[in-house]
Amino acid sequence: MKNLYILLILVVMSVRLMGQGCLPEGITFTTQAQIDSFAVNYPGCTEIEGSVYVMNGQVQNLQGLINITLIDGGLYIFGQDDLTSLSGLDNLISIGETLEIDNNSNLVNFMGLQSLTTVGSDMIVVGNYVLENFEGLNSLSNVGGRLDIAWNNILLNFSGLENLNTVGVELYIFSNHSLSNLTGLENLSNAGGVVQILYNSNLNSIQALSGIAPGSINQMDIYGNLILNECNIPAFCDYLMDPTGVVNIYQNDDGCNNPSEVAESCGFELDCLPYGNYWVATQQEADNFFQNYPGCTDLKGNLHIGGQTLNYVNGLSGINSVEGDLLIQHNYSMNNLIGLESLTSVGGDLNIGGFEEWNYYLRNMVGLENLVNFDGNIQIIGNESLENLHGLNGIDTVNDLTISCYPSMIDLSGLDSLTSVMHDFHITGNSLKHLYGLEKIDSVHGNLSIGGSDSLIDLEGLNSLNYIGGELRISYNKSLNNLTNLISVKSVGDIAIMNNESLTSLSGLDSINGQGISYMYINDNEMLSHCEVVSVCEYLIGINGTAVISNNALGCENRETIEAACTVGQKEIKHNDICTVFPNPSSGRVSFSITLTEPSPVKLVIMNGLGQQIVSLADETLPSGSNILFWNAGQLPDGIYYYKLQTDNQTVGGKIVLMK
């Protein structure tokens with residue numbers, strides 16, 4: 001008897017040992033043979049401590065995984081065109097992390113996962129083109145993270161998820177074009193706080209979500225569901241009555257087309273949304289804004305204005321401030337912003353159009369004249385009829401500024417008060433010939449990019465600009481022939497001049513401190529032959545900076561050519577022949593021949609590239625005739641230096657190149 005007892009203990013211990021955890025690093029299957037041989041290669045492995053990946057599209061079935069009961073990591077099944085079911089996972093009870101079923105083109109349902117009760121993190125079901133429902137997941141009760149269902153083209157409903165009661169973070173249902181209802185989710189009581197139901201074109205009912213507990217939602221996004229006309233389930237009504245987060249309801253059918261309609265169907269009148277957001281997509285919504293949101297003149301969240309049938313926004317007159325972003329996009333008829341004259345403050349960004357959100361007939365910004373409290377980003381992109389920016393005259397500072405894609409743009413008038421861009425400034429793809437309207441800008445603290453504008457001839461309008469904190473990038477401007485309007489710029493980070501096929505000279509960059517440049521790129525400017533301006537010489541020779549220079553015209557074809565041009569000797573004379581400097585370039589000893597017609601007080605100083613005085617050579621009265629002064633610069637590093645000579649009636653100066 002004693003021996004039998006010992007034998008039983010050994011058997012139990014053996015079973016437990018065989019069922020213990022394995023593969024802490026996880027495992028990846030890419031072939032059917034690997035699946036079939038799993039039990040042989042990993043005997044007794046039933047609880048995988050890492051994650052399981054089935055990928056690369058060469059698996060037909062999962063029968064070889066029949067012994068797996070637990071996966072501590074995630075289960076990821078990607079791109080299996082021949083996989084029609086999940087049979088083989090029949091004993092899997094729990095997944096510790098994410099379950100992702102993605103792009104399996106012949107998977108019809110989830111048969112094979114009948115034992116699965118818990119997914120510890122996200123459950124992601126995306127791009128399974130013949131998936132009809134969730135049959136097979138009938139035991140699943142808890143998803144710890146997001147339930148993310150998207151792009152399953154023939155998914156009809158959620159049948160199979162009748163036991164699901166908890167989603168820990170978010171319910172996300174996006175772009176399932178055959179989905180007509182949410183049947184199967186009737187027992188879902190907790191959606192994790194965030195509910196997003198977006199762009200399901202045939203969805204006509206969400207009544208299956210009626211079991212979600214009131215008070216359990218903190219964000220609600222319902223939009224792009226074109227035939228959905230009832231959204232008054234208890235949890236949504238409760239949330240709308242006292243929102244604790246943002247609300248986005250628009251582009252659904254009448255009855256569920258905006259928060260006000262949903263509130264009305266819930267039996268109450270909506271006050272201002274304490275967190276936003278407001279969508280004005282139809283003429284009726286614009287005209288009835290203050291009827292839908294009585295007394296709402298200071299808006300929390302974002303204000304979106306855009307829709308195919310929206311012609312004007314006079315009904316928004318009375319809005320004083322928008323705490324979030326102001327977005328004016330997708331307007332097919334509206335040609336001005338008259339109606340926004342009361343708006344004085346926008347706390348976030350101002351987006352007018354976008355790369356896929358054009359305002360087709362908007363001609364200017366008239367209506368925004370009183371917007372003065374603003375320091376966010378401005379993005380004005382793709383408004384094909386926009387001629388100028390009249391209406392933005394009250395803005396003097398922005399963070400990022402992007403002005404792009406304007407086939408009708410005449411000038412940038414309307415930005416007349418703008419003095420500073422605190423981050424990046426991009427001007428791209430416009431029909432502008434000049435940059436009129438930017439005359440007051442003196443600083444861009446990030447990058448300045450001017451590119452892709454075939455009509456741009458010069459940079460007239462940037463004459464006051466003196467500081468660029470990041471990169472100066474001028475590229476792909478077919479007609480640009482000079483940079484002389486940048487003569488006031490003293491400081492930049494990087495310089496990139498590329499693919500400007502009419503540009504002949506870098507004159508205009510002369511005032512930039514070459515010692516402050518960190519990188520230089522001058523390429524593919526087929527007519528550019530004059531590059532030896534002071535800033536470039538100072539950077540290349542003075543500090544031996546890194547540069548890429550190629551494919552320009554003769555005289556600027558490579559670094560060596562430019563450096564040679566920088567060091568060609570020349571008399572430095574300003575206004576008259578009072579002073580001659582020689583030799584220049586110099587290896588260390590420089591002579592100044594000063595010719596005076598009468599005795600005169602003379603001051604002669606030497607300055608470095610920053611304009612800082614480093615030595616005074618004369619501060620005295622010199623006799624008439626020729627006077628020779630010497631400067632011994634042997635201890636100073638190579639580079640560009642400057643002299644300034646003052647007499648009693650004139651001041652002259654120039655550059656000196658030291659090359660030892």
# chains A, B, ... in the order shown; residues from 1 in each chain; ligands from 1
$ closest_atom_pairs --of "region 356-430 of chain A" --to "region 341-347 of chain A" --cutoff "9 Å" --atoms "only C-alpha atoms" --output "tab-separated table"
residue	atom	partner	partner_atom	distance
A:Val366	CA	A:Glu341	CA	8.5
A:Gly367	CA	A:Glu341	CA	5.0
A:Leu368	CA	A:Glu341	CA	5.7
A:Glu369	CA	A:Glu341	CA	6.6
A:Asn370	CA	A:Thr344	CA	5.2
A:Leu371	CA	A:Thr344	CA	4.0
A:Val372	CA	A:Thr344	CA	5.6
A:Asn373	CA	A:Ser345	CA	4.5
A:Phe374	CA	A:Val346	CA	5.5
A:Asp375	CA	A:Gly347	CA	7.4
A:Gly376	CA	A:Gly347	CA	6.9
$ residues_around --residues "Leu480 (chain A)" --least-positions-apart "5" --cutoff "9 Å" --atoms "only C-alpha atoms" --output "list in words"
Lys433, Ser453, Asp454, Ser455, Leu456, Ile457, Asp458, Leu459, Asn500, Glu501, Ser502 and Leu503 of chain A
$ residues_around --residues "region 167-179 of chain A" --least-positions-apart "5" --cutoff "8 Å" --atoms "only C-alpha atoms" --output "number ranges by chain"
A: 142-157, 188, 190-203
$ select_by_dssp --residues "region 304-470 of chain A" --states "strand (DSSP E or B)" --output "ChimeraX atom specification"
/A:304-305,321-322,326-328,331,345-346,350-353,359,373,378-381,397-398,401-406,420-421,425-430,443-444,448-451,467-468
$ write_last_selection --atoms "N, CA and C atoms" --output "CSV table (one decimal), in the first residue's frame"
chain,number,residue,atom,x,y,z
A,304,HIS,N,-15.2,72.4,-35.2
A,304,HIS,CA,-14.9,71.9,-36.6
A,304,HIS,C,-16.0,72.5,-37.5
A,305,ILE,N,-15.6,73.2,-38.5
A,305,ILE,CA,-16.5,73.8,-39.5
A,305,ILE,C,-16.2,73.2,-40.8
A,321,SER,N,-14.8,82.6,-28.0
A,321,SER,CA,-13.5,81.9,-27.9
A,321,SER,C,-13.7,80.4,-28.1
A,322,VAL,N,-12.6,79.8,-28.5
A,322,VAL,CA,-12.5,78.3,-28.7
A,322,VAL,C,-11.3,77.9,-27.9
A,326,LEU,N,-9.5,75.3,-33.8
A,326,LEU,CA,-10.5,75.7,-34.8
A,326,LEU,C,-10.1,75.1,-36.1
A,327,LEU,N,-10.9,74.2,-36.7
A,327,LEU,CA,-10.7,73.5,-37.9
A,327,LEU,C,-11.7,73.8,-38.9
A,328,ILE,N,-11.3,74.4,-40.1
A,328,ILE,CA,-12.2,74.8,-41.1
A,328,ILE,C,-11.8,73.9,-42.4
A,331,ASN,N,-15.0,72.2,-47.0
A,331,ASN,CA,-16.1,73.1,-47.4
A,331,ASN,C,-16.1,73.2,-48.9
A,345,SER,N,-10.3,84.6,-29.5
A,345,SER,CA,-9.3,83.7,-28.9
A,345,SER,C,-9.5,82.3,-29.3
A,346,VAL,N,-8.4,81.7,-29.7
A,346,VAL,CA,-8.3,80.2,-30.0
A,346,VAL,C,-7.1,79.7,-29.2
A,350,LEU,N,-5.0,76.5,-35.4
A,350,LEU,CA,-5.9,77.0,-36.5
A,350,LEU,C,-5.6,76.2,-37.8
A,351,ASN,N,-6.5,75.3,-38.2
A,351,ASN,CA,-6.3,74.6,-39.4
A,351,ASN,C,-7.3,75.0,-40.5
A,352,ILE,N,-6.8,75.5,-41.6
A,352,ILE,CA,-7.7,75.9,-42.7
A,352,ILE,C,-7.3,75.0,-43.8
A,353,GLY,N,-8.2,74.0,-44.1
A,353,GLY,CA,-7.9,73.0,-45.1
A,353,GLY,C,-7.0,71.9,-44.6
A,359,ASN,N,-10.8,73.5,-48.8
A,359,ASN,CA,-11.9,74.4,-48.9
A,359,ASN,C,-11.9,74.9,-50.3
A,373,ASN,N,-5.9,86.7,-29.7
A,373,ASN,CA,-5.3,85.8,-28.6
A,373,ASN,C,-5.1,84.5,-29.2
A,378,ILE,N,-0.6,77.4,-37.0
A,378,ILE,CA,-1.5,77.7,-38.1
A,378,ILE,C,-1.1,76.8,-39.3
A,379,GLN,N,-2.0,76.0,-39.8
A,379,GLN,CA,-1.8,75.2,-41.0
A,379,GLN,C,-2.9,75.6,-42.0
A,380,ILE,N,-2.4,76.2,-43.1
A,380,ILE,CA,-3.3,76.6,-44.2
A,380,ILE,C,-2.8,75.8,-45.4
A,381,ILE,N,-3.6,74.8,-45.8
A,381,ILE,CA,-3.1,73.9,-46.8
A,381,ILE,C,-4.3,73.6,-47.8
A,397,THR,N,2.1,86.4,-33.3
A,397,THR,CA,3.0,85.3,-33.0
A,397,THR,C,2.3,84.0,-33.2
A,398,VAL,N,3.0,83.1,-33.8
A,398,VAL,CA,2.5,81.7,-34.0
A,398,VAL,C,3.6,80.7,-33.6
A,401,LEU,N,4.0,77.5,-38.5
A,401,LEU,CA,3.2,78.1,-39.6
A,401,LEU,C,3.5,77.4,-40.9
A,402,THR,N,2.4,76.8,-41.5
A,402,THR,CA,2.5,76.1,-42.7
A,402,THR,C,1.6,76.7,-43.7
A,403,ILE,N,2.1,77.1,-44.9
A,403,ILE,CA,1.3,77.7,-46.0
A,403,ILE,C,1.6,76.9,-47.2
A,404,SER,N,0.7,76.2,-47.7
A,404,SER,CA,1.0,75.2,-48.8
A,404,SER,C,-0.1,75.0,-49.8
A,405,CYS,N,0.2,74.7,-51.0
A,405,CYS,CA,-0.7,74.3,-52.1
A,405,CYS,C,-1.8,75.3,-52.4
A,406,TYR,N,-1.4,76.4,-53.0
A,406,TYR,CA,-2.3,77.4,-53.4
A,406,TYR,C,-2.1,77.8,-54.8
A,420,SER,N,6.9,87.0,-35.4
A,420,SER,CA,7.7,85.9,-34.9
A,420,SER,C,7.0,84.6,-35.1
A,421,VAL,N,7.7,83.6,-35.6
A,421,VAL,CA,7.3,82.2,-35.7
A,421,VAL,C,8.2,81.5,-34.7
A,425,PHE,N,8.5,77.3,-39.9
A,425,PHE,CA,7.7,78.0,-40.9
A,425,PHE,C,8.0,77.4,-42.3
A,426,HIS,N,6.9,76.9,-42.9
A,426,HIS,CA,7.0,76.2,-44.2
A,426,HIS,C,6.1,76.9,-45.2
A,427,ILE,N,6.7,77.3,-46.3
A,427,ILE,CA,6.0,77.9,-47.4
A,427,ILE,C,6.3,77.0,-48.6
A,428,THR,N,5.3,76.2,-49.1
A,428,THR,CA,5.6,75.2,-50.1
A,428,THR,C,4.4,75.2,-51.1
A,429,GLY,N,4.8,74.8,-52.4
A,429,GLY,CA,3.8,74.5,-53.4
A,429,GLY,C,2.8,75.6,-53.7
A,430,ASN,N,3.2,76.8,-53.8
A,430,ASN,CA,2.3,77.9,-54.0
A,430,ASN,C,2.6,78.6,-55.4
A,443,SER,N,11.9,87.0,-36.9
A,443,SER,CA,12.5,85.8,-36.4
A,443,SER,C,11.7,84.5,-36.6
A,444,VAL,N,12.4,83.5,-37.0
A,444,VAL,CA,11.8,82.1,-37.1
A,444,VAL,C,12.7,81.2,-36.2
A,448,LEU,N,13.1,77.3,-41.4
A,448,LEU,CA,12.4,78.1,-42.4
A,448,LEU,C,12.6,77.3,-43.7
A,449,SER,N,11.5,76.8,-44.3
A,449,SER,CA,11.5,76.0,-45.5
A,449,SER,C,10.7,76.7,-46.6
A,450,ILE,N,11.3,77.0,-47.7
A,450,ILE,CA,10.6,77.6,-48.8
A,450,ILE,C,10.9,76.7,-50.0
A,451,GLY,N,9.9,76.1,-50.5
A,451,GLY,CA,10.1,75.1,-51.6
A,451,GLY,C,8.9,74.8,-52.5
A,467,TYR,N,16.8,86.4,-37.9
A,467,TYR,CA,17.2,85.2,-37.0
A,467,TYR,C,16.4,84.0,-37.5
A,468,ILE,N,17.1,82.9,-37.7
A,468,ILE,CA,16.5,81.6,-38.0
A,468,ILE,C,17.2,80.6,-37.1
$ residues_around --residues "Gln284 (chain A)" --least-positions-apart "4" --cutoff "12 Å" --atoms "only C-alpha atoms" --output "list in words"
Asp254, Asn257, Asn258, Trp279, Val280, Asn288, Phe289, Phe290, Gln291, Asn292, Gly307, Thr309, Leu310, Asn311, Tyr312, Val313, Asn314, Gly315 and Leu316 of chain A
$ select_by_dssp --residues "region 27-237 of chain A" --states "alpha helix (DSSP H)" --output "list of chain:residue names"
A:Gln32, A:Ala33, A:Gln34, A:Ile35, A:Asp36, A:Phe38, A:Ala39, A:Val40, A:Asn41, A:Pro234, A:Ala235, A:Phe236, A:Cys237
$ residues_around --residues "region 102-105 of chain A" --least-positions-apart "5" --cutoff "12 Å" --atoms "only C-alpha atoms" --output "number ranges by chain"
A: 53-60, 75-86, 110, 123-132, 148-154
$ write_last_selection --atoms "C-alpha atoms" --output "short mmCIF file (atom, residue, chain, number, x, y, z; two decimals), in the first residue's frame"
data_model
loop_
_atom_site.label_atom_id
_atom_site.label_comp_id
_atom_site.auth_asym_id
_atom_site.auth_seq_id
_atom_site.Cartn_x
_atom_site.Cartn_y
_atom_site.Cartn_z
CA TYR A 53 3.16 34.31 -33.45
CA VAL A 54 1.65 32.60 -36.49
CA MET A 55 2.77 34.54 -39.53
CA ASN A 56 4.11 34.56 -43.11
CA GLY A 57 1.04 32.92 -44.66
CA GLN A 58 2.06 29.23 -44.89
CA VAL A 59 -0.17 27.68 -42.23
CA GLN A 60 -3.35 25.74 -43.11
CA LEU A 75 -1.37 35.34 -29.49
CA TYR A 76 -0.85 36.92 -32.91
CA ILE A 77 -2.16 35.33 -36.11
CA PHE A 78 -1.24 37.38 -39.19
CA GLY A 79 -1.76 37.01 -42.92
CA GLN A 80 -2.79 33.35 -43.18
CA ASP A 81 -4.66 33.07 -46.48
CA ASP A 82 -5.30 29.31 -46.13
CA LEU A 83 -6.47 29.33 -42.52
CA THR A 84 -10.26 28.85 -42.38
CA SER A 85 -10.72 28.15 -38.65
CA LEU A 86 -8.85 28.28 -35.36
CA PHE A 110 -13.51 31.91 -34.30
CA MET A 123 -8.32 42.01 -28.59
CA ILE A 124 -7.68 43.22 -32.13
CA VAL A 125 -9.61 41.83 -35.10
CA VAL A 126 -8.63 43.70 -38.25
CA GLY A 127 -8.81 43.10 -42.00
CA ASN A 128 -10.31 39.59 -42.03
CA TYR A 129 -12.29 39.96 -45.22
CA VAL A 130 -14.70 36.99 -44.95
CA LEU A 131 -15.22 37.06 -41.19
CA GLU A 132 -18.99 37.03 -40.57
CA ASP A 148 -10.65 46.82 -31.61
CA ILE A 149 -12.78 45.64 -34.56
CA ALA A 150 -11.95 47.23 -37.92
CA TRP A 151 -11.97 46.66 -41.70
CA ASN A 152 -13.76 43.32 -41.60
CA ASN A 153 -15.71 43.82 -44.80
CA ILE A 154 -18.53 41.26 -44.43
#
$ residues_around --residues "Gly74 (chain A)" --least-positions-apart "3" --cutoff "6 Å" --atoms "only C-alpha atoms" --output "CSV table (one decimal) with C-alpha atoms, in the first residue's frame"
chain,number,residue,atom,x,y,z
A,51,SER,CA,4.0,35.1,-26.9
A,97,GLU,CA,-1.6,39.8,-23.2
A,98,THR,CA,-3.0,40.7,-26.7
A,99,LEU,CA,-5.1,38.5,-29.0
